[in-house]
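J.: Below you'll find data.pdb; it's PDB, C-alpha atoms.
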ATOM      1  CA  MET A   1      -1.497  17.335  -4.495
ATOM      2  CA  ASN A   2      -0.939  15.716  -1.095
ATOM      3  CA  PRO A   3      -1.190  11.901  -1.271
ATOM      4  CA  LYS A   4      -3.949  10.248   0.754
ATOM      5  CA  GLU A   5      -2.970   7.671   3.350
ATOM      6  CA  THR A   6      -4.684   4.289   3.321
ATOM      7  CA  PHE A   7      -4.691   1.509   5.916
ATOM      8  CA  GLU A   8      -3.810  -2.023   4.855
ATOM      9  CA  PHE A   9      -2.197  -5.284   5.952
ATOM     10  CA  ALA A  10       0.993  -6.459   4.245
ATOM     11  CA  HIS A  11       0.012 -10.120   4.854
ATOM     12  CA  PRO A  12      -3.787 -10.105   5.212
ATOM     13  CA  TRP A  13      -4.027 -13.901   4.789
ATOM     14  CA  LEU A  14      -2.464 -14.318   8.243
ATOM     15  CA  LEU A  15      -5.649 -12.869   9.729
ATOM     16  CA  LEU A  16      -7.240 -16.264   9.057
ATOM     17  CA  LEU A  17      -5.274 -17.475  12.097
ATOM     18  CA  LEU A  18      -7.563 -15.349  14.276
ATOM     19  CA  GLY A  19      -9.917 -18.320  14.301
ATOM     20  CA  ILE A  20      -7.462 -20.295  16.450
ATOM     21  CA  PRO A  21      -7.651 -18.230  19.666
ATOM     22  CA  LEU A  22     -11.402 -17.848  19.219
ATOM     23  CA  VAL A  23     -11.825 -21.637  19.064
ATOM     24  CA  LEU A  24      -9.537 -22.111  22.069
ATOM     25  CA  LEU A  25     -11.476 -19.553  24.084
ATOM     26  CA  TRP A  26     -14.733 -21.273  23.160
ATOM     27  CA  LEU A  27     -13.371 -24.642  24.246
ATOM     28  CA  ARG A  28     -11.946 -23.137  27.441
ATOM     29  CA  GLY A  29     -15.292 -21.598  28.273
ATOM     30  CA  LYS A  30     -17.280 -24.834  28.015
ATOM     31  CA  PRO A  31     -18.550 -26.149  31.382
ATOM     32  CA  GLY A  32     -16.290 -28.757  32.956
ATOM     33  CA  GLY A  33     -17.323 -32.143  34.187
ATOM     34  CA  ALA A  34     -18.914 -32.669  37.576
ATOM     35  CA  PRO A  35     -16.623 -33.740  40.433
ATOM     36  CA  SER A  36     -16.662 -37.487  41.084
ATOM     37  CA  LEU A  37     -16.075 -38.598  44.696
ATOM     38  CA  ILE A  38     -17.530 -41.510  46.704
ATOM     39  CA  PHE A  39     -19.582 -40.557  49.727
ATOM     40  CA  SER A  40     -22.018 -42.560  51.798
ATOM     41  CA  SER A  41     -24.579 -39.890  51.132
ATOM     42  CA  LEU A  42     -24.501 -37.402  48.239
ATOM     43  CA  ALA A  43     -27.213 -35.146  49.593
ATOM     44  CA  PRO A  44     -24.892 -32.588  51.302
ATOM     45  CA  LEU A  45     -22.676 -32.302  48.237
ATOM     46  CA  ARG A  46     -25.352 -32.417  45.538
ATOM     47  CA  ALA A  47     -25.041 -28.683  44.876
ATOM     48  CA  LEU A  48     -21.323 -29.094  44.089
ATOM     49  CA  ALA A  49     -22.149 -31.405  41.222
ATOM     50  CA  SER A  50     -23.516 -28.622  38.989
ATOM     51  CA  PRO A  51     -21.261 -27.451  36.081
ATOM     52  CA  ARG A  52     -19.076 -24.551  37.074
ATOM     53  CA  ARG A  53     -16.803 -22.148  35.336
ATOM     54  CA  SER A  54     -13.960 -20.498  37.194
ATOM     55  CA  ARG A  55     -13.987 -16.723  36.913
ATOM     56  CA  SER A  56     -10.243 -16.566  37.463
ATOM     57  CA  GLY A  57      -9.703 -19.205  34.797
ATOM     58  CA  ALA A  58     -11.895 -17.320  32.354
ATOM     59  CA  LEU A  59      -9.955 -14.107  32.969
ATOM     60  CA  LEU A  60      -6.602 -15.800  32.455
ATOM     61  CA  ALA A  61      -7.870 -17.520  29.328
ATOM     62  CA  GLY A  62      -9.200 -14.202  28.038
ATOM     63  CA  LEU A  63      -5.843 -12.508  28.601
ATOM     64  CA  LEU A  64      -4.005 -15.316  26.801
ATOM     65  CA  GLY A  65      -6.494 -15.321  23.919
ATOM     66  CA  GLY A  66      -6.316 -11.537  23.604
ATOM     67  CA  ALA A  67      -2.515 -11.707  23.497
ATOM     68  CA  MET A  68      -2.708 -14.279  20.701
ATOM     69  CA  VAL A  69      -5.112 -12.075  18.746
ATOM     70  CA  PHE A  70      -2.804  -9.066  18.989
ATOM     71  CA  PHE A  71       0.244 -11.146  18.011
ATOM     72  CA  ILE A  72      -1.540 -12.479  14.921
ATOM     73  CA  VAL A  73      -2.571  -8.953  13.925
ATOM     74  CA  ALA A  74       1.042  -7.851  14.360
ATOM     75  CA  LEU A  75       2.236 -10.723  12.149
ATOM     76  CA  ALA A  76      -0.164  -9.533   9.419
ATOM     77  CA  ARG A  77       1.780  -6.221   9.476
ATOM     78  CA  PRO A  78      -0.776  -3.413   9.655
ATOM     79  CA  ARG A  79       0.528  -0.250   8.005
ATOM     80  CA  MET A  80      -0.436   3.148   6.690
ATOM     81  CA  GLY A  81       0.599   3.687   3.092
ATOM     82  CA  SER A  82       0.636   6.655   0.757
ATOM     83  CA  SER A  83       1.045   6.291  -3.003
ATOM     84  CA  HIS A  84       2.969   8.888  -4.949
ATOM     85  CA  GLN A  85       3.277   9.354  -8.665
ATOM     86  CA  ARG A  86       5.501  11.537 -10.746
ATOM     87  CA  ILE A  87       4.272  12.353 -14.253
ATOM     88  CA  GLN A  88       6.728  13.390 -16.918
ATOM     89  CA  SER A  89       5.373  15.795 -19.526
ATOM     90  CA  SER A  90       4.662  14.280 -22.926
ATOM     91  CA  GLY A  91       5.702  17.479 -24.689
ATOM     92  CA  ILE A  92       2.171  18.059 -26.025
ATOM     93  CA  ASP A  93       0.565  21.388 -25.130
ATOM     94  CA  ILE A  94      -3.213  21.684 -25.499
ATOM     95  CA  LEU A  95      -5.116  24.960 -25.186
ATOM     96  CA  LEU A  96      -8.908  24.760 -24.909
ATOM     97  CA  ALA A  97     -10.734  27.895 -26.097
ATOM     98  CA  LEU A  98     -14.313  27.686 -24.791
ATOM     99  CA  ASP A  99     -17.191  29.955 -25.742
ATOM    100  CA  VAL A 100     -19.029  31.469 -22.745
ATOM    101  CA  SER A 101     -21.309  33.849 -24.630
ATOM    102  CA  ARG A 102     -24.962  34.150 -23.650
ATOM    103  CA  SER A 103     -26.098  31.708 -26.349
ATOM    104  CA  MET A 104     -24.289  28.947 -24.421
ATOM    105  CA  LEU A 105     -27.242  29.088 -21.992
ATOM    106  CA  ALA A 106     -29.369  27.311 -24.608
ATOM    107  CA  GLU A 107     -30.633  24.065 -23.090
ATOM    108  CA  ASP A 108     -30.481  21.720 -26.063
ATOM    109  CA  PHE A 109     -28.067  19.246 -24.406
ATOM    110  CA  THR A 110     -28.561  16.612 -21.743
ATOM    111  CA  ILE A 111     -26.464  15.208 -18.906
ATOM    112  CA  GLY A 112     -27.805  11.758 -18.150
ATOM    113  CA  SER A 113     -31.563  12.181 -18.348
ATOM    114  CA  GLU A 114     -31.520  15.818 -17.218
ATOM    115  CA  ARG A 115     -31.691  18.749 -19.590
ATOM    116  CA  ALA A 116     -28.546  20.885 -19.499
ATOM    117  CA  ASN A 117     -27.299  24.019 -21.185
ATOM    118  CA  ARG A 118     -24.428  23.987 -23.625
ATOM    119  CA  LEU A 119     -21.843  25.250 -21.148
ATOM    120  CA  GLN A 120     -22.695  22.558 -18.587
ATOM    121  CA  ALA A 121     -22.353  19.845 -21.252
ATOM    122  CA  VAL A 122     -19.046  21.324 -22.447
ATOM    123  CA  GLN A 123     -17.695  21.430 -18.883
ATOM    124  CA  LYS A 124     -18.579  17.763 -18.310
ATOM    125  CA  ILE A 125     -17.080  16.470 -21.563
ATOM    126  CA  THR A 126     -14.012  18.698 -21.243
ATOM    127  CA  ARG A 127     -13.409  17.382 -17.727
ATOM    128  CA  GLU A 128     -13.389  13.803 -19.031
ATOM    129  CA  PHE A 129     -11.022  14.788 -21.835
ATOM    130  CA  ILE A 130      -8.571  16.392 -19.381
ATOM    131  CA  GLU A 131      -8.665  13.401 -17.033
ATOM    132  CA  LYS A 132      -7.609  11.085 -19.878
ATOM    133  CA  ARG A 133      -4.453  13.078 -20.648
ATOM    134  CA  PRO A 134      -2.471  13.346 -17.385
ATOM    135  CA  ALA A 135       0.888  13.793 -19.151
ATOM    136  CA  ASP A 136      -0.105  16.813 -21.269
ATOM    137  CA  ARG A 137       0.146  20.472 -20.333
ATOM    138  CA  ILE A 138      -3.367  21.820 -20.748
ATOM    139  CA  GLY A 139      -4.695  25.357 -20.429
ATOM    140  CA  ILE A 140      -8.073  27.059 -20.867
ATOM    141  CA  VAL A 141      -9.062  30.360 -22.454
ATOM    142  CA  ALA A 142     -12.719  31.424 -22.249
ATOM    143  CA  PHE A 143     -14.198  34.013 -24.552
ATOM    144  CA  ALA A 144     -17.354  35.950 -25.282
ATOM    145  CA  GLY A 145     -17.018  39.551 -26.482
ATOM    146  CA  LYS A 146     -13.327  39.213 -25.598
ATOM    147  CA  PRO A 147     -11.096  36.398 -24.350
ATOM    148  CA  TYR A 148      -9.733  35.905 -20.854
ATOM    149  CA  LEU A 149      -7.373  33.361 -19.328
ATOM    150  CA  VAL A 150      -8.976  30.705 -17.146
ATOM    151  CA  SER A 151      -5.819  28.646 -16.602
ATOM    152  CA  PRO A 152      -2.331  28.757 -18.131
ATOM    153  CA  LEU A 153      -0.787  25.574 -19.493
ATOM    154  CA  THR A 154      -0.238  23.284 -16.535
ATOM    155  CA  LEU A 155       0.274  19.688 -15.461
ATOM    156  CA  ASP A 156      -1.659  20.366 -12.259
ATOM    157  CA  HIS A 157      -4.927  19.048 -13.626
ATOM    158  CA  ASP A 158      -6.712  19.133 -10.270
ATOM    159  CA  TRP A 159      -6.239  22.894 -10.168
ATOM    160  CA  LEU A 160      -7.162  23.087 -13.869
ATOM    161  CA  LEU A 161     -10.439  21.250 -13.292
ATOM    162  CA  GLN A 162     -11.301  23.529 -10.378
ATOM    163  CA  ASN A 163     -10.969  26.519 -12.682
ATOM    164  CA  LEU A 164     -13.022  24.740 -15.350
ATOM    165  CA  ASP A 165     -15.850  24.316 -12.840
ATOM    166  CA  ARG A 166     -15.751  28.054 -12.103
ATOM    167  CA  LEU A 167     -16.588  28.989 -15.690
ATOM    168  CA  ARG A 168     -19.637  31.234 -15.782
ATOM    169  CA  ILE A 169     -21.540  33.127 -18.423
ATOM    170  CA  GLY A 170     -21.644  36.898 -18.047
ATOM    171  CA  LEU A 171     -18.165  37.508 -16.608
ATOM    172  CA  VAL A 172     -17.224  39.550 -19.701
ATOM    173  CA  GLU A 173     -19.194  41.501 -22.273
ATOM    174  CA  ASP A 174     -21.385  39.392 -24.517
ATOM    175  CA  GLY A 175     -20.480  38.539 -28.090
ATOM    176  CA  THR A 176     -18.379  35.922 -29.898
ATOM    177  CA  ALA A 177     -14.802  37.017 -30.570
ATOM    178  CA  ILE A 178     -13.477  33.887 -32.276
ATOM    179  CA  GLY A 179     -10.495  35.590 -33.893
ATOM    180  CA  SER A 180      -9.410  37.194 -30.613
ATOM    181  CA  ALA A 181      -9.784  33.854 -28.829
ATOM    182  CA  ILE A 182      -7.509  32.119 -31.358
ATOM    183  CA  ALA A 183      -4.936  34.912 -31.036
ATOM    184  CA  SER A 184      -5.005  34.781 -27.225
ATOM    185  CA  ALA A 185      -4.655  30.991 -27.193
ATOM    186  CA  THR A 186      -1.800  31.135 -29.713
ATOM    187  CA  ASN A 187       0.087  33.606 -27.522
ATOM    188  CA  ARG A 188      -0.149  31.161 -24.628
ATOM    189  CA  LEU A 189       1.010  28.219 -26.729
ATOM    190  CA  LYS A 190       4.038  30.008 -28.167
ATOM    191  CA  GLU A 191       5.438  30.711 -24.699
ATOM    192  CA  ARG A 192       6.747  27.149 -24.317
ATOM    193  CA  GLU A 193       8.999  24.865 -26.289
ATOM    194  CA  SER A 194       7.003  21.750 -27.107
ATOM    195  CA  LYS A 195       6.972  19.097 -29.778
ATOM    196  CA  SER A 196       3.274  19.611 -30.467
ATOM    197  CA  ARG A 197       0.874  22.539 -29.937
ATOM    198  CA  ILE A 198      -2.864  21.915 -30.135
ATOM    199  CA  LEU A 199      -5.749  24.397 -30.015
ATOM    200  CA  VAL A 200      -9.302  23.102 -29.537
ATOM    201  CA  LEU A 201     -11.817  25.888 -30.214
ATOM    202  CA  LEU A 202     -15.439  25.329 -29.213
ATOM    203  CA  THR A 203     -18.163  27.837 -30.043
ATOM    204  CA  ASP A 204     -21.863  27.969 -30.859
ATOM    205  CA  GLY A 205     -21.923  31.260 -32.769
ATOM    206  CA  ASP A 206     -20.293  33.290 -35.486
ATOM    207  CA  ASN A 207     -17.542  35.864 -35.137
ATOM    208  CA  ASN A 208     -19.242  39.165 -34.233
ATOM    209  CA  ALA A 209     -16.738  40.823 -31.894
ATOM    210  CA  GLY A 210     -13.037  41.559 -31.658
ATOM    211  CA  LYS A 211     -10.653  43.244 -34.076
ATOM    212  CA  ILE A 212      -8.972  40.127 -35.475
ATOM    213  CA  THR A 213     -10.650  37.915 -38.047
ATOM    214  CA  PRO A 214     -10.615  34.176 -37.417
ATOM    215  CA  ALA A 215      -8.732  33.490 -40.665
ATOM    216  CA  THR A 216      -5.983  35.990 -39.828
ATOM    217  CA  ALA A 217      -5.589  34.550 -36.335
ATOM    218  CA  ALA A 218      -5.491  31.021 -37.764
ATOM    219  CA  GLU A 219      -2.711  31.996 -40.190
ATOM    220  CA  ALA A 220      -0.657  33.361 -37.307
ATOM    221  CA  ALA A 221      -1.251  30.166 -35.337
ATOM    222  CA  LYS A 222      -0.173  28.049 -38.292
ATOM    223  CA  THR A 223       3.083  30.015 -38.556
ATOM    224  CA  LEU A 224       3.850  29.042 -34.969
ATOM    225  CA  GLY A 225       3.054  25.392 -35.596
ATOM    226  CA  VAL A 226      -0.296  25.338 -33.796
ATOM    227  CA  LYS A 227      -2.791  22.734 -35.014
ATOM    228  CA  ILE A 228      -6.419  23.854 -34.688
ATOM    229  CA  TYR A 229      -9.512  21.732 -34.126
ATOM    230  CA  THR A 230     -12.822  23.587 -34.271
ATOM    231  CA  ILE A 231     -16.084  22.373 -32.754
ATOM    232  CA  CYS A 232     -19.454  23.913 -33.543
ATOM    233  CA  ALA A 233     -21.765  23.076 -30.618
ATOM    234  CA  GLY A 234     -25.541  23.267 -30.495
ATOM    235  CA  SER A 235     -28.601  22.550 -32.596
ATOM    236  CA  ARG A 236     -29.214  24.433 -35.807
ATOM    237  CA  GLY A 237     -31.764  27.226 -36.033
ATOM    238  CA  TYR A 238     -33.685  28.007 -32.851
ATOM    239  CA  ALA A 239     -32.694  26.969 -29.348
ATOM    240  CA  PRO A 240     -34.504  27.346 -25.966
ATOM    241  CA  ILE A 241     -32.764  29.965 -23.818
ATOM    242  CA  PRO A 242     -33.884  30.884 -20.263
ATOM    243  CA  VAL A 243     -34.691  34.581 -19.815
ATOM    244  CA  PRO A 244     -36.340  36.473 -16.932
ATOM    245  CA  ASP A 245     -39.813  37.881 -17.554
ATOM    246  CA  MET A 246     -41.145  41.179 -16.214
ATOM    247  CA  PHE A 247     -41.815  39.553 -12.818
ATOM    248  CA  GLY A 248     -38.318  38.085 -12.529
ATOM    249  CA  ARG A 249     -39.447  34.548 -13.290
ATOM    250  CA  ILE A 250     -37.383  32.379 -15.623
ATOM    251  CA  VAL A 251     -39.130  31.527 -18.879
ATOM    252  CA  TYR A 252     -37.813  29.882 -22.021
ATOM    253  CA  ARG A 253     -37.784  31.508 -25.405
ATOM    254  CA  ASN A 254     -36.704  29.998 -28.677
ATOM    255  CA  ILE A 255     -33.979  32.272 -29.991
ATOM    256  CA  LYS A 256     -32.305  31.841 -33.358
ATOM    257  CA  VAL A 257     -28.620  31.007 -33.105
ATOM    258  CA  GLU A 258     -26.414  32.079 -35.968
ATOM    259  CA  VAL A 259     -23.446  29.809 -36.699
ATOM    260  CA  ASP A 260     -20.844  30.447 -39.391
ATOM    261  CA  GLU A 261     -19.738  26.880 -40.086
ATOM    262  CA  ALA A 262     -17.824  27.969 -43.190
ATOM    263  CA  THR A 263     -15.506  30.147 -41.105
ATOM    264  CA  LEU A 264     -14.903  27.385 -38.560
ATOM    265  CA  LYS A 265     -14.118  24.930 -41.350
ATOM    266  CA  GLN A 266     -11.724  27.472 -42.867
ATOM    267  CA  VAL A 267      -9.949  27.955 -39.541
ATOM    268  CA  ALA A 268      -9.554  24.185 -39.089
ATOM    269  CA  SER A 269      -8.246  23.848 -42.638
ATOM    270  CA  ILE A 270      -5.696  26.635 -42.180
ATOM    271  CA  GLY A 271      -4.600  25.117 -38.861
ATOM    272  CA  ASN A 272      -4.148  21.624 -40.379
ATOM    273  CA  GLY A 273      -6.818  20.287 -38.047
ATOM    274  CA  GLN A 274     -10.428  19.196 -38.396
ATOM    275  CA  PHE A 275     -13.912  20.680 -38.059
ATOM    276  CA  PHE A 276     -16.580  18.918 -36.002
ATOM    277  CA  ARG A 277     -20.283  19.482 -35.472
ATOM    278  CA  ALA A 278     -21.855  18.604 -32.095
ATOM    279  CA  VAL A 279     -25.650  18.708 -31.873
ATOM    280  CA  ASP A 280     -26.021  16.870 -28.559
ATOM    281  CA  SER A 281     -24.038  15.500 -25.630
ATOM    282  CA  ASP A 282     -23.300  12.152 -27.310
ATOM    283  CA  SER A 283     -21.844  13.736 -30.430
ATOM    284  CA  LEU A 284     -19.809  16.185 -28.328
ATOM    285  CA  ASP A 285     -18.399  13.302 -26.301
ATOM    286  CA  SER A 286     -17.583  11.429 -29.519
ATOM    287  CA  ILE A 287     -15.730  14.470 -30.905
ATOM    288  CA  PHE A 288     -13.488  14.802 -27.867
ATOM    289  CA  ARG A 289     -12.776  11.063 -28.054
ATOM    290  CA  GLN A 290     -11.741  11.457 -31.683
ATOM    291  CA  ILE A 291      -9.437  14.342 -30.834
ATOM    292  CA  ASP A 292      -7.987  12.270 -28.014
ATOM    293  CA  GLN A 293      -7.217   9.482 -30.496
ATOM    294  CA  LEU A 294      -5.840  11.840 -33.132
ATOM    295  CA  GLU A 295      -3.405  13.420 -30.690
ATOM    296  CA  LYS A 296      -1.795  10.376 -29.143
ATOM    297  CA  THR A 297       0.459  10.887 -26.160
ATOM    298  CA  THR A 298       2.795   8.599 -24.242
ATOM    299  CA  VAL A 299       2.364   8.761 -20.496
ATOM    300  CA  GLU A 300       5.606   8.431 -18.549
ATOM    301  CA  MET A 301       4.704   7.891 -14.946
ATOM    302  CA  ASP A 302       6.741   6.826 -11.936
ATOM    303  CA  ARG A 303       4.787   5.315  -9.068
ATOM    304  CA  TYR A 304       6.093   4.549  -5.611
ATOM    305  CA  SER A 305       4.600   3.937  -2.196
ATOM    306  CA  VAL A 306       5.738   4.940   1.274
ATOM    307  CA  TYR A 307       4.564   2.852   4.228
ATOM    308  CA  ARG A 308       4.485   3.524   7.951
ATOM    309  CA  GLU A 309       4.583   0.210   9.840
ATOM    310  CA  LEU A 310       2.123  -0.151  12.747
ATOM    311  CA  PHE A 311       2.853  -3.727  13.873
ATOM    312  CA  ALA A 312       4.579  -2.468  17.028
ATOM    313  CA  TRP A 313       1.249  -1.334  18.509
ATOM    314  CA  PRO A 314      -0.578  -4.708  18.428
ATOM    315  CA  ALA A 315       2.683  -6.501  19.286
ATOM    316  CA  GLY A 316       3.087  -4.277  22.339
ATOM    317  CA  ALA A 317      -0.535  -4.789  23.356
ATOM    318  CA  GLY A 318      -0.129  -8.551  22.989
ATOM    319  CA  LEU A 319       3.053  -8.533  25.080
ATOM    320  CA  LEU A 320       1.308  -6.501  27.780
ATOM    321  CA  LEU A 321      -1.593  -8.978  27.975
ATOM    322  CA  LEU A 322       0.816 -11.924  28.059
ATOM    323  CA  CYS A 323       2.804 -10.381  30.920
ATOM    324  CA  LEU A 324      -0.433  -9.637  32.766
ATOM    325  CA  HIS A 325      -1.493 -13.256  32.255
ATOM    326  CA  LEU A 326       1.792 -14.563  33.703
ATOM    327  CA  VAL A 327       1.809 -12.178  36.686
ATOM    328  CA  LEU A 328      -1.811 -12.784  37.671
ATOM    329  CA  GLY A 329      -1.446 -16.529  37.103
ATOM    330  CA  GLN A 330       1.443 -16.640  39.618
ATOM    331  CA  THR A 331      -0.041 -14.259  42.182
ATOM    332  CA  PHE A 332      -3.684 -13.261  42.701
ATOM    333  CA  LEU A 333      -5.195 -15.841  40.354
ATOM    334  CA  ARG A 334      -2.799 -18.676  41.145
ATOM    335  CA  ARG A 335      -4.525 -22.060  41.118
ATOM    336  CA  LEU A 336      -3.630 -24.777  43.607
ATOM    337  CA  PRO A 337      -3.093 -28.346  42.359
TER     338      PRO A 337
END
Output the structure of this file as structure tokens.
T.:
Amino acid sequence: MNPKETFEFAHPWLLLLLGIPLVLLWLRGKPGGAPSLIFSSLAPLRALASPRRSRSGALLAGLLGGAMVFFIVALARPRMGSSHQRIQSSGIDILLALDVSRSMLAEDFTIGSERANRLQAVQKITREFIEKRPADRIGIVAFAGKPYLVSPLTLDHDWLLQNLDRLRIGLVEDGTAIGSAIASATNRLKERESKSRILVLLTDGDNNAGKITPATAAEAAKTLGVKIYTICAGSRGYAPIPVPDMFGRIVYRNIKVEVDEATLKQVASIGNGQFFRAVDSDSLDSIFRQIDQLEKTTVEMDRYSVYRELFAWPAGAGLLLLCLHLVLGQTFLRRLP
């Protein structure tokens, strides 16, 4: 990711000195006193007694004040800076296996005060989970009737989150192939040498597709040292799912959702992990927080900043105004004693 440049002053407190030239200019611009000469009659010179302000003097004062302003800004050291960080991998690999079957359209979750379907809630909570673990390699496998790779294990979490946002229901045949999803995720985790391999499986249904049973896939994962956390998402029984009617309008129908919690608990037990049940957004968020605490990671991060100094520009402008003040003061705007 390209670092963003930001503007700042190295010594911003010096900008308080900007009040000095402003005060001097204000004092310089005040009307001067009336001339005082003795005449036998003041009538011819009465008009000269009104307060006057020299235009040439005001211009010279403005040039000098402007030069002071630019010099003070230069002393404050304006600069453009870009912050860089280098993250060292913690050695923990996490594969998220997310259900994208049609039942994930059920709108029994909320985001804020708005009703949301299960996939939208999962995407939001998963995003927050990823953002909290910058030092871990994280990948995503989505599955319905069969699994497919959304993102391989990566430390480029910006790219990972972009792919998470692209998750859609209906990209593959419908169904819930839990066993195949575990097998696919395990294959991705075994490709790297790491001190810890974690699989987080989230589904709202029971295994009704694929050729591999969840227990068999979990045993294979255990052999490779993969720890499995399973999350059963969604309310029990019936859930409101949007479907088009004969006129193409979206209507909601309560459809019964079958969930095999026993199988998910068995998979978590085989994988030396834990089983969780999420019935709403708050409980789902709490589950991911628990997993985050259970799988502690140490972030090793190097930060450094690169600055591009800009003081030469206001310093040059101030020098130009000062030179202009001196030249005009000795030539066109020269004042006689």
J.: Could you tell me, as a PDB file with C-alpha atoms, keeping the file's coordinate frame, exactly which residues end up selected when the PyMOL selection byres ((chain A and resi 133) around 10) is applied to this structure?
T.:
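And here is the file that came out, result_21.pdb:
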ATOM      1  CA  SER A  90       4.662  14.280 -22.926  1.00  0.00           C
ATOM      2  CA  ILE A  92       2.171  18.059 -26.025  1.00  0.00           C
ATOM      3  CA  ILE A  94      -3.213  21.684 -25.499  1.00  0.00           C
ATOM      4  CA  GLU A 128     -13.389  13.803 -19.031  1.00  0.00           C
ATOM      5  CA  PHE A 129     -11.022  14.788 -21.835  1.00  0.00           C
ATOM      6  CA  ILE A 130      -8.571  16.392 -19.381  1.00  0.00           C
ATOM      7  CA  GLU A 131      -8.665  13.401 -17.033  1.00  0.00           C
ATOM      8  CA  LYS A 132      -7.609  11.085 -19.878  1.00  0.00           C
ATOM      9  CA  PRO A 134      -2.471  13.346 -17.385  1.00  0.00           C
ATOM     10  CA  ALA A 135       0.888  13.793 -19.151  1.00  0.00           C
ATOM     11  CA  ASP A 136      -0.105  16.813 -21.269  1.00  0.00           C
ATOM     12  CA  ARG A 137       0.146  20.472 -20.333  1.00  0.00           C
ATOM     13  CA  ILE A 138      -3.367  21.820 -20.748  1.00  0.00           C
ATOM     14  CA  LEU A 155       0.274  19.688 -15.461  1.00  0.00           C
ATOM     15  CA  HIS A 157      -4.927  19.048 -13.626  1.00  0.00           C
ATOM     16  CA  ASP A 292      -7.987  12.270 -28.014  1.00  0.00           C
ATOM     17  CA  LYS A 296      -1.795  10.376 -29.143  1.00  0.00           C
ATOM     18  CA  THR A 297       0.459  10.887 -26.160  1.00  0.00           C
ATOM     19  CA  THR A 298       2.795   8.599 -24.242  1.00  0.00           C
ATOM     20  CA  VAL A 299       2.364   8.761 -20.496  1.00  0.00           C
TER      21      VAL A 299
END
J.: Assuming the chain letters and numbering stay as they are in my file, what does the PyMOL selection byres ((chain A and resi 124) around 10) actually select? List them as a list in words.
T.: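 Applied to this file, the PyMOL selection byres ((chain A and resi 124) around 10) returns Ile111, Leu119, Gln120, Ala121, Val122, Gln123, Ile125, Thr126, Arg127, Glu128, Phe129, Leu164, Asp165, Ser281 and Asp285 of chain A.
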J.: List as an mmCIF file with C-alpha atoms, in the coordinates of the input the protein and nucleic acid residues near segment 194-202 of chain A, meaning an atom at most 7 Å away when all atoms listed in the file are counted, but skip any in the same chain fewer than 5 places from it.
T.:
data_model
loop_
_atom_site.group_PDB
_atom_site.id
_atom_site.type_symbol
_atom_site.label_atom_id
_atom_site.label_comp_id
_atom_site.auth_asym_id
_atom_site.auth_seq_id
_atom_site.Cartn_x
_atom_site.Cartn_y
_atom_site.Cartn_z
ATOM 1 C CA GLY A 91 5.702 17.479 -24.689
ATOM 2 C CA ILE A 92 2.171 18.059 -26.025
ATOM 3 C CA ASP A 93 0.565 21.388 -25.130
ATOM 4 C CA ILE A 94 -3.213 21.684 -25.499
ATOM 5 C CA LEU A 95 -5.116 24.960 -25.186
ATOM 6 C CA LEU A 96 -8.908 24.760 -24.909
ATOM 7 C CA ALA A 97 -10.734 27.895 -26.097
ATOM 8 C CA LEU A 98 -14.313 27.686 -24.791
ATOM 9 C CA ASP A 99 -17.191 29.955 -25.742
ATOM 10 C CA LEU A 189 1.010 28.219 -26.729
ATOM 11 C CA GLY A 225 3.054 25.392 -35.596
ATOM 12 C CA VAL A 226 -0.296 25.338 -33.796
ATOM 13 C CA LYS A 227 -2.791 22.734 -35.014
ATOM 14 C CA ILE A 228 -6.419 23.854 -34.688
ATOM 15 C CA TYR A 229 -9.512 21.732 -34.126
ATOM 16 C CA THR A 230 -12.822 23.587 -34.271
ATOM 17 C CA ILE A 231 -16.084 22.373 -32.754
ATOM 18 C CA CYS A 232 -19.454 23.913 -33.543
ATOM 19 C CA ALA A 233 -21.765 23.076 -30.618
#
J.: Residue by residue, what does the PyMOL selection byres ((chain A and resi 65-67) around 8) grab here? Present the result as a list in words.
T.: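 Evaluating the PyMOL selection byres ((chain A and resi 65-67) around 8) on this file yields Pro21, Leu22, Leu24, Leu25, Ala61, Gly62, Leu63, Leu64, Met68, Val69, Phe70, Phe71, Ala317, Gly318, Leu319, Leu320, Leu321 and Leu322 of chain A.
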J.: Per residue of segment 98-178 of chain A within 10 Å of segment 253-270 of chain A, note the shortest atom pair and the distance in Å to one decimal, counting all atoms listed in the file, and order the rows by chain and increasing residue number, as a Markdown table.
T.:
| residue | atom | partner | partner_atom | distance |
| --- | --- | --- | --- | --- |
| A:Ser103 | CA | A:Val257 | CA | 7.2 |
| A:Met104 | CA | A:Val257 | CA | 9.9 |
| A:Ala106 | CA | A:Ile255 | CA | 8.7 |
| A:Ile178 | CA | A:Leu264 | CA | 9.2 |
J.: Here is a test: counting all atoms listed in the file, which residue of A:Leu310, A:Leu161, A:Ala239, A:Ile291 is nearest to Ala10 of chain A?
T.: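 That would be A:Leu310, the residue with the smallest distance to Ala10 of chain A.
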J.: Could you name the residues that touch Ala116 of chain A at 6 Å or less, counting only C-alpha atoms, but leaving out those on the same chain fewer than 4 positions away, as a PyMOL selection string?
T.: chain A and resi 107+109-110
J.: What is the distance, in Å and to one decimal place, between atom CA of Leu75 of chain A and atom CA of Leu328 of chain A?
T.: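 Interatomic distance, atom CA of Leu75 of chain A to atom CA of Leu328 of chain A: 25.9 Å.
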J.: Could you state the separation of atom CA of Ala221 of chain A and atom CA of Gly271 of chain A in Å, given to one decimal place?
T.: 7.0 Å
J.: Identify the residues within 10 Å of coordinate (2.4, -0.8, 7.0) (same frame as the file), considering all atoms listed in the file, and give the answer as a PyMOL selection string.
T.: chain A and resi 6-11+76-82+306-311
J.: From the options A:Asn207, A:Thr186, A:Val279, A:Arg102, which residue's atoms come nearest to Leu224 of chain A, counting only C-alpha atoms?
T.: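 Result for the nearest residue to Leu224 of chain A: A:Thr186.
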